[in-house]
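Okay, start-v7.json now, which holds JSON, C-alpha atoms and all ligand atoms:
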```json
[["chain", "number", "residue", "atom", "x", "y", "z"],
["A", 50, "MET", "CA", 212.29, -2.89, 22.54],
["A", 51, "ALA", "CA", 214.02, 0.25, 23.78],
["A", 52, "ASP", "CA", 214.51, 2.88, 21.10],
["A", 53, "VAL", "CA", 217.99, 3.85, 22.21],
["A", 54, "GLU", "CA", 219.22, 0.29, 22.05],
["A", 55, "ALA", "CA", 220.95, -0.90, 18.89],
["A", 56, "VAL", "CA", 219.11, -3.77, 17.28],
["A", 57, "ILE", "CA", 222.23, -5.23, 15.77],
["A", 58, "GLN", "CA", 225.90, -4.60, 16.41],
["A", 59, "LEU", "CA", 228.70, -6.32, 14.54],
["A", 60, "LYS", "CA", 232.08, -5.88, 16.16],
["A", 61, "ASN", "CA", 235.23, -6.88, 14.25],
["A", 62, "VAL", "CA", 233.39, -9.69, 12.50],
["A", 63, "THR", "CA", 235.60, -11.91, 10.37],
["A", 64, "LYS", "CA", 234.49, -15.03, 8.53],
["A", 65, "THR", "CA", 237.26, -17.20, 7.20],
["A", 66, "TYR", "CA", 236.93, -20.22, 4.93],
["A", 67, "HIS", "CA", 239.70, -22.74, 4.38],
["A", 68, "LEU", "CA", 239.59, -24.58, 1.09],
["A", 69, "GLY", "CA", 242.42, -26.81, -0.11],
["A", 70, "GLY", "CA", 245.12, -24.92, 1.78],
["A", 71, "GLU", "CA", 243.77, -21.54, 0.66],
["A", 72, "THR", "CA", 242.39, -19.11, 3.22],
["A", 73, "LEU", "CA", 239.61, -16.78, 2.21],
["A", 74, "ASN", "CA", 238.21, -13.97, 4.31],
["A", 75, "ALA", "CA", 234.58, -13.77, 3.18],
["A", 76, "LEU", "CA", 234.22, -11.03, 5.81],
["A", 77, "ASP", "CA", 237.19, -9.06, 7.02],
["A", 78, "ASN", "CA", 236.86, -7.15, 10.30],
["A", 79, "VAL", "CA", 233.38, -5.80, 9.69],
["A", 80, "ASN", "CA", 231.93, -3.23, 12.11],
["A", 81, "LEU", "CA", 228.32, -2.22, 11.66],
["A", 82, "THR", "CA", 225.54, -0.95, 13.89],
["A", 83, "ILE", "CA", 221.95, -1.07, 12.74],
["A", 84, "GLN", "CA", 219.43, 0.92, 14.77],
["A", 85, "PRO", "CA", 215.80, -0.04, 15.40],
["A", 86, "GLY", "CA", 213.66, 1.03, 12.47],
["A", 87, "ASP", "CA", 216.58, 1.51, 10.06],
["A", 88, "PHE", "CA", 216.24, 0.67, 6.38],
["A", 89, "VAL", "CA", 219.70, -0.45, 5.31],
["A", 90, "ALA", "CA", 220.75, -1.64, 1.88],
["A", 91, "ILE", "CA", 223.83, -3.84, 1.64],
["A", 92, "THR", "CA", 225.38, -3.79, -1.81],
["A", 93, "GLY", "CA", 228.54, -5.05, -3.44],
["A", 94, "PRO", "CA", 229.74, -7.24, -6.29],
["A", 95, "SER", "CA", 229.07, -10.97, -6.55],
["A", 96, "GLY", "CA", 231.21, -12.89, -4.08],
["A", 97, "SER", "CA", 231.94, -9.83, -1.94],
["A", 98, "GLY", "CA", 230.39, -11.33, 1.21],
["A", 99, "LYS", "CA", 226.82, -9.99, 1.26],
["A", 100, "SER", "CA", 225.04, -13.29, 1.90],
["A", 101, "THR", "CA", 227.69, -14.30, 4.40],
["A", 102, "LEU", "CA", 226.98, -11.07, 6.27],
["A", 103, "ALA", "CA", 223.21, -11.58, 6.07],
["A", 104, "ASN", "CA", 223.50, -15.14, 7.39],
["A", 105, "ILE", "CA", 225.64, -13.97, 10.29],
["A", 106, "ILE", "CA", 223.26, -11.13, 11.17],
["A", 107, "GLY", "CA", 220.37, -13.60, 11.04],
["A", 108, "GLY", "CA", 222.11, -16.14, 13.24],
["A", 109, "LEU", "CA", 222.12, -18.74, 10.45],
["A", 110, "ASP", "CA", 225.90, -18.74, 10.48],
["A", 111, "LYS", "CA", 228.60, -17.81, 13.01],
["A", 112, "PRO", "CA", 231.61, -15.54, 12.60],
["A", 113, "THR", "CA", 235.10, -17.04, 12.85],
["A", 114, "SER", "CA", 235.99, -14.14, 15.15],
["A", 115, "GLY", "CA", 234.29, -11.01, 16.40],
["A", 116, "ASN", "CA", 230.88, -10.53, 17.95],
["A", 117, "VAL", "CA", 227.29, -10.13, 16.87],
["A", 118, "ILE", "CA", 225.25, -8.44, 19.57],
["A", 119, "VAL", "CA", 221.51, -8.22, 19.19],
["A", 120, "ASP", "CA", 219.53, -6.28, 21.74],
["A", 121, "GLY", "CA", 222.38, -6.65, 24.17],
["A", 122, "SER", "CA", 222.93, -10.41, 23.81],
["A", 123, "ASP", "CA", 225.95, -11.84, 22.10],
["A", 124, "LEU", "CA", 224.68, -14.45, 19.65],
["A", 125, "ALA", "CA", 227.82, -16.54, 20.21],
["A", 126, "GLU", "CA", 226.77, -17.05, 23.81],
["A", 127, "LEU", "CA", 223.33, -18.35, 22.94],
["A", 128, "HIS", "CA", 222.87, -22.10, 22.80],
["A", 129, "ASP", "CA", 221.36, -23.57, 19.67],
["A", 130, "ALA", "CA", 217.88, -23.65, 21.15],
["A", 131, "LYS", "CA", 218.11, -20.00, 22.18],
["A", 132, "LEU", "CA", 219.55, -19.04, 18.82],
["A", 133, "SER", "CA", 216.63, -20.70, 17.05],
["A", 134, "ALA", "CA", 214.30, -18.90, 19.42],
["A", 135, "TYR", "CA", 215.99, -15.61, 18.51],
["A", 136, "ARG", "CA", 215.46, -16.30, 14.83],
["A", 137, "ASN", "CA", 211.91, -17.50, 15.25],
["A", 138, "LYS", "CA", 210.90, -14.54, 17.38],
["A", 139, "HIS", "CA", 212.73, -11.62, 15.83],
["A", 140, "ILE", "CA", 213.80, -12.23, 12.27],
["A", 141, "GLY", "CA", 211.75, -12.58, 9.15],
["A", 142, "PHE", "CA", 213.89, -14.01, 6.35],
["A", 143, "VAL", "CA", 213.13, -13.38, 2.68],
["A", 144, "PHE", "CA", 215.27, -15.07, 0.03],
["A", 145, "GLN", "CA", 215.84, -14.65, -3.69],
["A", 146, "SER", "CA", 214.39, -18.08, -4.46],
["A", 147, "PHE", "CA", 211.38, -17.62, -2.12],
["A", 148, "ASN", "CA", 212.08, -20.94, -0.33],
["A", 149, "LEU", "CA", 208.43, -21.97, -0.12],
["A", 150, "GLN", "CA", 207.26, -25.53, 0.52],
["A", 151, "ALA", "CA", 206.07, -26.72, -2.89],
["A", 152, "THR", "CA", 203.40, -29.13, -1.68],
["A", 153, "ASN", "CA", 201.86, -26.67, 0.78],
["A", 154, "THR", "CA", 199.32, -23.93, 0.16],
["A", 155, "ALA", "CA", 200.12, -20.26, 0.70],
["A", 156, "LEU", "CA", 198.29, -20.41, 4.02],
["A", 157, "GLU", "CA", 200.19, -23.51, 5.15],
["A", 158, "ASN", "CA", 203.48, -21.90, 4.15],
["A", 159, "VAL", "CA", 202.87, -18.71, 6.09],
["A", 160, "SER", "CA", 201.52, -20.42, 9.21],
["A", 161, "LEU", "CA", 204.37, -22.92, 9.47],
["A", 162, "PRO", "CA", 206.78, -20.70, 11.49],
["A", 163, "LEU", "CA", 204.02, -20.26, 14.08],
["A", 164, "VAL", "CA", 204.20, -23.96, 14.90],
["A", 165, "PHE", "CA", 207.56, -23.23, 16.50],
["A", 166, "GLN", "CA", 205.93, -20.54, 18.60],
["A", 167, "ARG", "CA", 203.55, -23.21, 19.90],
["A", 168, "MET", "CA", 200.54, -21.36, 18.59],
["A", 169, "GLY", "CA", 197.34, -23.41, 18.28],
["A", 170, "SER", "CA", 196.07, -24.34, 14.82],
["A", 171, "LYS", "CA", 193.09, -21.95, 14.84],
["A", 172, "ALA", "CA", 195.22, -18.99, 15.85],
["A", 173, "ARG", "CA", 197.84, -19.97, 13.26],
["A", 174, "LYS", "CA", 195.24, -20.03, 10.54],
["A", 175, "ALA", "CA", 193.82, -16.66, 11.59],
["A", 176, "ARG", "CA", 197.26, -15.07, 11.66],
["A", 177, "GLY", "CA", 198.12, -16.67, 8.31],
["A", 178, "VAL", "CA", 195.01, -15.23, 6.67],
["A", 179, "GLU", "CA", 195.74, -11.85, 8.22],
["A", 180, "VAL", "CA", 199.29, -11.62, 6.86],
["A", 181, "LEU", "CA", 198.29, -12.92, 3.43],
["A", 182, "GLN", "CA", 195.65, -10.21, 3.30],
["A", 183, "ALA", "CA", 198.27, -7.68, 4.36],
["A", 184, "VAL", "CA", 200.37, -8.52, 1.29],
["A", 185, "GLY", "CA", 197.34, -8.46, -1.02],
["A", 186, "LEU", "CA", 196.88, -12.23, -1.36],
["A", 187, "GLY", "CA", 193.66, -12.74, 0.58],
["A", 188, "ASP", "CA", 192.18, -14.39, -2.52],
["A", 189, "ARG", "CA", 195.09, -16.82, -2.97],
["A", 190, "ILE", "CA", 195.33, -18.52, 0.42],
["A", 191, "LYS", "CA", 194.65, -22.01, -0.94],
["A", 192, "PHE", "CA", 197.00, -21.72, -3.92],
["A", 193, "LYS", "CA", 200.23, -23.68, -4.01],
["A", 194, "PRO", "CA", 203.50, -21.99, -5.07],
["A", 195, "THR", "CA", 203.35, -23.41, -8.62],
["A", 196, "GLN", "CA", 199.91, -21.84, -9.02],
["A", 197, "LEU", "CA", 201.27, -18.39, -8.18],
["A", 198, "SER", "CA", 203.34, -15.87, -10.15],
["A", 199, "GLY", "CA", 206.88, -15.03, -9.08],
["A", 200, "GLY", "CA", 205.83, -11.75, -7.49],
["A", 201, "GLN", "CA", 202.98, -13.50, -5.67],
["A", 202, "ARG", "CA", 205.37, -16.19, -4.41],
["A", 203, "GLN", "CA", 207.64, -13.54, -3.00],
["A", 204, "ARG", "CA", 204.65, -11.90, -1.33],
["A", 205, "VAL", "CA", 203.81, -15.25, 0.28],
["A", 206, "ALA", "CA", 207.41, -15.39, 1.51],
["A", 207, "ILE", "CA", 207.05, -11.88, 2.95],
["A", 208, "ALA", "CA", 203.76, -12.87, 4.60],
["A", 209, "ARG", "CA", 205.56, -15.85, 6.11],
["A", 210, "ALA", "CA", 208.28, -13.53, 7.41],
["A", 211, "LEU", "CA", 205.59, -11.25, 8.87],
["A", 212, "ALA", "CA", 203.64, -14.03, 10.56],
["A", 213, "ILE", "CA", 205.97, -14.08, 13.55],
["A", 214, "LYS", "CA", 205.71, -10.26, 13.98],
["A", 215, "PRO", "CA", 209.43, -9.82, 13.45],
["A", 216, "SER", "CA", 211.36, -6.78, 14.64],
["A", 217, "ILE", "CA", 213.77, -7.28, 11.72],
["A", 218, "ILE", "CA", 213.25, -8.33, 8.11],
["A", 219, "LEU", "CA", 216.37, -9.61, 6.42],
["A", 220, "ALA", "CA", 215.94, -9.94, 2.67],
["A", 221, "ASP", "CA", 218.76, -11.42, 0.54],
["A", 222, "GLU", "CA", 218.23, -10.35, -3.10],
["A", 223, "PRO", "CA", 214.42, -10.42, -2.69],
["A", 224, "THR", "CA", 213.92, -9.11, -6.24],
["A", 225, "GLY", "CA", 216.60, -11.24, -7.91],
["A", 226, "ASN", "CA", 214.09, -13.52, -9.61],
["A", 227, "LEU", "CA", 211.57, -10.84, -10.54],
["A", 228, "ASP", "CA", 211.23, -8.37, -13.39],
["A", 229, "SER", "CA", 211.81, -4.76, -12.41],
["A", 230, "ALA", "CA", 208.12, -3.79, -12.05],
["A", 231, "ARG", "CA", 207.41, -6.82, -9.84],
["A", 232, "GLY", "CA", 210.64, -6.19, -7.98],
["A", 233, "GLN", "CA", 209.63, -2.61, -7.29],
["A", 234, "GLU", "CA", 206.26, -3.79, -5.90],
["A", 235, "ILE", "CA", 208.11, -6.06, -3.48],
["A", 236, "ILE", "CA", 210.43, -3.25, -2.40],
["A", 237, "LYS", "CA", 207.45, -0.96, -1.84],
["A", 238, "LEU", "CA", 205.80, -3.62, 0.30],
["A", 239, "LEU", "CA", 208.97, -4.07, 2.34],
["A", 240, "HIS", "CA", 209.43, -0.30, 2.61],
["A", 241, "ASP", "CA", 205.86, 0.09, 3.92],
["A", 242, "LEU", "CA", 206.63, -2.51, 6.60],
["A", 243, "ASN", "CA", 209.73, -0.52, 7.53],
["A", 244, "LYS", "CA", 207.57, 2.62, 7.86],
["A", 245, "GLN", "CA", 205.50, 0.66, 10.38],
["A", 246, "GLY", "CA", 208.64, 0.23, 12.47],
["A", 247, "ILE", "CA", 210.23, -3.01, 11.31],
["A", 248, "THR", "CA", 213.99, -2.80, 10.80],
["A", 249, "LEU", "CA", 214.67, -3.62, 7.16],
["A", 250, "ILE", "CA", 217.91, -4.99, 5.78],
["A", 251, "ILE", "CA", 217.94, -5.61, 2.05],
["A", 252, "ILE", "CA", 220.85, -7.23, 0.26],
["A", 253, "THR", "CA", 220.88, -6.14, -3.35],
["A", 254, "HIS", "CA", 223.30, -5.48, -6.16],
["A", 255, "ASP", "CA", 220.64, -3.26, -7.79],
["A", 256, "LEU", "CA", 221.59, 0.35, -7.07],
["A", 257, "SER", "CA", 218.14, 1.67, -7.97],
["A", 258, "ILE", "CA", 216.82, -0.41, -5.06],
["A", 259, "ALA", "CA", 219.67, 0.46, -2.73],
["A", 260, "ARG", "CA", 219.07, 4.18, -3.28],
["A", 261, "GLN", "CA", 215.60, 3.84, -1.73],
["A", 262, "ALA", "CA", 217.15, 2.90, 1.61],
["A", 263, "GLY", "CA", 218.02, 5.38, 4.32],
["A", 264, "ARG", "CA", 221.49, 3.90, 4.48],
["A", 265, "ILE", "CA", 223.68, 2.13, 1.98],
["A", 266, "VAL", "CA", 226.63, 0.02, 3.03],
["A", 267, "GLU", "CA", 228.86, -1.57, 0.46],
["A", 268, "ILE", "CA", 231.01, -4.66, 0.81],
["A", 269, "ARG", "CA", 234.14, -5.11, -1.25],
["A", 270, "ASP", "CA", 236.23, -8.23, -0.76],
["A", 271, "GLY", "CA", 234.70, -8.77, 2.66],
["A", 272, "LYS", "CA", 235.41, -5.22, 3.83],
["A", 273, "LEU", "CA", 232.59, -2.85, 4.61],
["A", 274, "VAL", "CA", 232.42, 0.69, 3.29],
["A", 275, "GLU", "CA", 229.59, 3.03, 4.25],
["A", 276, "ARG", "CA", 228.44, 4.80, 1.10],
["A", 277, "ARG", "CA", 225.76, 6.94, 2.63],
["A", 278, "ALA", "CA", 224.59, 7.36, 6.21],
["A", 301, "LIG", "N1", 230.82, -22.53, 2.54],
["A", 301, "LIG", "C1", 231.79, -21.83, 1.92],
["A", 301, "LIG", "N2", 233.02, -22.35, 1.78],
["A", 301, "LIG", "C2", 233.99, -21.65, 1.16],
["A", 301, "LIG", "N3", 233.84, -20.41, 0.67],
["A", 301, "LIG", "C3", 232.64, -19.85, 0.77],
["A", 301, "LIG", "C4", 231.53, -20.52, 1.41],
["A", 301, "LIG", "N4", 230.46, -19.70, 1.38],
["A", 301, "LIG", "C5", 230.86, -18.58, 0.74],
["A", 301, "LIG", "N5", 232.17, -18.67, 0.39],
["A", 301, "LIG", "C6", 232.96, -17.64, -0.31],
["A", 301, "LIG", "O1", 232.80, -16.41, 0.38],
["A", 301, "LIG", "C7", 232.72, -15.32, -0.54],
["A", 301, "LIG", "C8", 231.47, -14.51, -0.24],
["A", 301, "LIG", "O2", 230.32, -15.27, -0.57],
["A", 301, "LIG", "P1", 228.85, -14.67, -0.46],
["A", 301, "LIG", "O3", 227.89, -15.73, -0.76],
["A", 301, "LIG", "O4", 228.73, -13.98, 0.86],
["A", 301, "LIG", "O5", 228.87, -13.56, -1.62],
["A", 301, "LIG", "P2", 227.73, -12.58, -2.11],
["A", 301, "LIG", "O6", 228.26, -11.19, -1.97],
["A", 301, "LIG", "O7", 226.45, -12.89, -1.44],
["A", 301, "LIG", "O8", 227.63, -12.91, -3.67],
["A", 301, "LIG", "P3", 226.36, -12.93, -4.67],
["A", 301, "LIG", "O9", 226.07, -11.50, -5.03],
["A", 301, "LIG", "O10", 226.88, -13.67, -5.85],
["A", 301, "LIG", "O11", 225.22, -13.62, -3.97],
["A", 301, "LIG", "C9", 232.76, -15.93, -1.92],
["A", 301, "LIG", "O12", 234.03, -15.73, -2.45],
["A", 301, "LIG", "C10", 232.47, -17.39, -1.72],
["A", 301, "LIG", "O13", 233.15, -18.20, -2.63],
["A", 302, "MG", "MG", 224.58, -13.66, -2.10]]
```

Show me this structure written as structure tokens.
Amino acid sequence: MADVEAVIQLKNVTKTYHLGGETLNALDNVNLTIQPGDFVAITGPSGSGKSTLANIIGGLDKPTSGNVIVDGSDLAELHDAKLSAYRNKHIGFVFQSFNLQATNTALENVSLPLVFQRMGSKARKARGVEVLQAVGLGDRIKFKPTQLSGGQRQRVAIARALAIKPSIILADEPTGNLDSARGQEIIKLLHDLNKQGITLIIITHDLSIARQAGRIVEIRDGKLVERRA
């Protein structure tokens, strides 16, 4: 990936919902450029549009108008298969509720995304062990989510995000279900990954977390305000 190229560019992105005759702009003409290697925090009150923005950046959702350009390609012009390929190759998602498969072990959870990369089972297992070790869970690979603590579950989710060697990690309230000490461990882990070159986008309403980012952008009623560059 070329250093001068913007990883992600949002141009005049608007997301409109229509509910019972009411029109709601969850995002209102948002412009944002995120450079390779950035650590950006997106903050704002509940309902301001943070998750909507994260889902659009991650290609999980599409804007009503405007463009999302990632490494020079407009996501709107990618067919579903290519869009899935974009997600599976570039983006590691981390969610507040971990989103792990309850009946699968930590190792099975982290190696699952590699199935979509057509990686063979031996290589998947090796990569899975490697990323679980990287998040400090080498001794928990056979544990299922219910046998792990909240912080450990989130580390499994981060290992799963890392398995695909993403260029971007997109984390929507990754510490929302953790106490502050456990939350800070997760942020440190994510920050270390950013220092290794992965672009990091963290959605958080916790200002003590946001302040650790190189950049803070705030959303209010769907409109973006840059708090600190
Ligand atoms: N599918 C939908 N249909 C209608 N309105 C929606 C839909 N999804 C989100 N919204 C509305 O869009 C606005 C932004 O929602 P969003 O989930 O992005 O907020 P948020 O900033 O992530 O909030 P929180 O901090 O509570 O997670 C909200 O007012 C919400 O009601
Ligand atoms: Mg949200």

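Of the listed residues (A:Ala75, A:Met168, A:Val178, A:Ala134), A:Ala75 comes nearest to ligand MG 302 (chain A); the distances count all atoms listed in the file.
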
**Item:** Atomic separation - CA of Ile106 (chain A) relative to CA of Val119 (chain A), Å
**Value:** 8.7 Å

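Each of A:Gln145, A:Pro162, A:Thr253, A:Asn243 was compared to Gly200 (chain A) using only C-alpha atoms, and A:Gln145 turns out to be the nearest.
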
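Among the candidate residues A:Thr92, A:Gln261, A:Asn158, A:Ser216, the one lying nearest to Arg204 (chain A) is A:Asn158, with distances computed using all atoms listed in the file.
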
**Message:** At a cut-off of 8 Å and counting all atoms listed in the file, what residues surround ligand MG 302 (chain A)? Please answer as a PyMOL selection string.
**Reply:** chain A and resi 95-96+98-101+221-222+252

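Residues in contact with Val274 (chain A) at 10 Å, where all atoms listed in the file are counted and same-chain residues fewer than 5 positions away are skipped, are listed as Val79, Asn80, Leu81, Ile91, Thr92, Gly93, Ile265, Val266, Glu267, Ile268 and Arg269 of chain A.
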
Dump of C-alpha atoms for the selected residues, as a PDB file, in the coordinates of the input:
```
ATOM      1  CA  VAL A  79     233.380  -5.800   9.690  1.00  0.00           C
ATOM      2  CA  ASN A  80     231.930  -3.230  12.110  1.00  0.00           C
ATOM      3  CA  LEU A  81     228.320  -2.220  11.660  1.00  0.00           C
ATOM      4  CA  ILE A  91     223.830  -3.840   1.640  1.00  0.00           C
ATOM      5  CA  THR A  92     225.380  -3.790  -1.810  1.00  0.00           C
ATOM      6  CA  GLY A  93     228.540  -5.050  -3.440  1.00  0.00           C
ATOM      7  CA  ILE A 265     223.680   2.130   1.980  1.00  0.00           C
ATOM      8  CA  VAL A 266     226.630   0.020   3.030  1.00  0.00           C
ATOM      9  CA  GLU A 267     228.860  -1.570   0.460  1.00  0.00           C
ATOM     10  CA  ILE A 268     231.010  -4.660   0.810  1.00  0.00           C
ATOM     11  CA  ARG A 269     234.140  -5.110  -1.250  1.00  0.00           C
TER      12      ARG A 269
END
```

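Take CA of Asn74 (chain A) and CA of His139 (chain A): the distance between them is 28.1 Å.
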
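Across the model, the gap from CA of Ala130 (chain A) to CA of Val117 (chain A) is 17.0 Å.
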
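Comparing A:Ala208, A:Ile218, A:Ile251, A:Ala230 by their smallest distance to ligand LIG 301 (chain A), the closest is A:Ile251 (using only C-alpha atoms and all ligand atoms).
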
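Each of A:Gly70, A:Gly246, A:Gly115, A:Gly177 was compared to Pro215 (chain A) using only C-alpha atoms, and A:Gly246 turns out to be the nearest.
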
**Prompt:** Of the candidates A:Ser146, A:Ala172, A:Leu132, A:Val56, which shows the shortest atom-to-atom distance to Pro85 (chain A), using only C-alpha atoms?
**Reply:** A:Val56
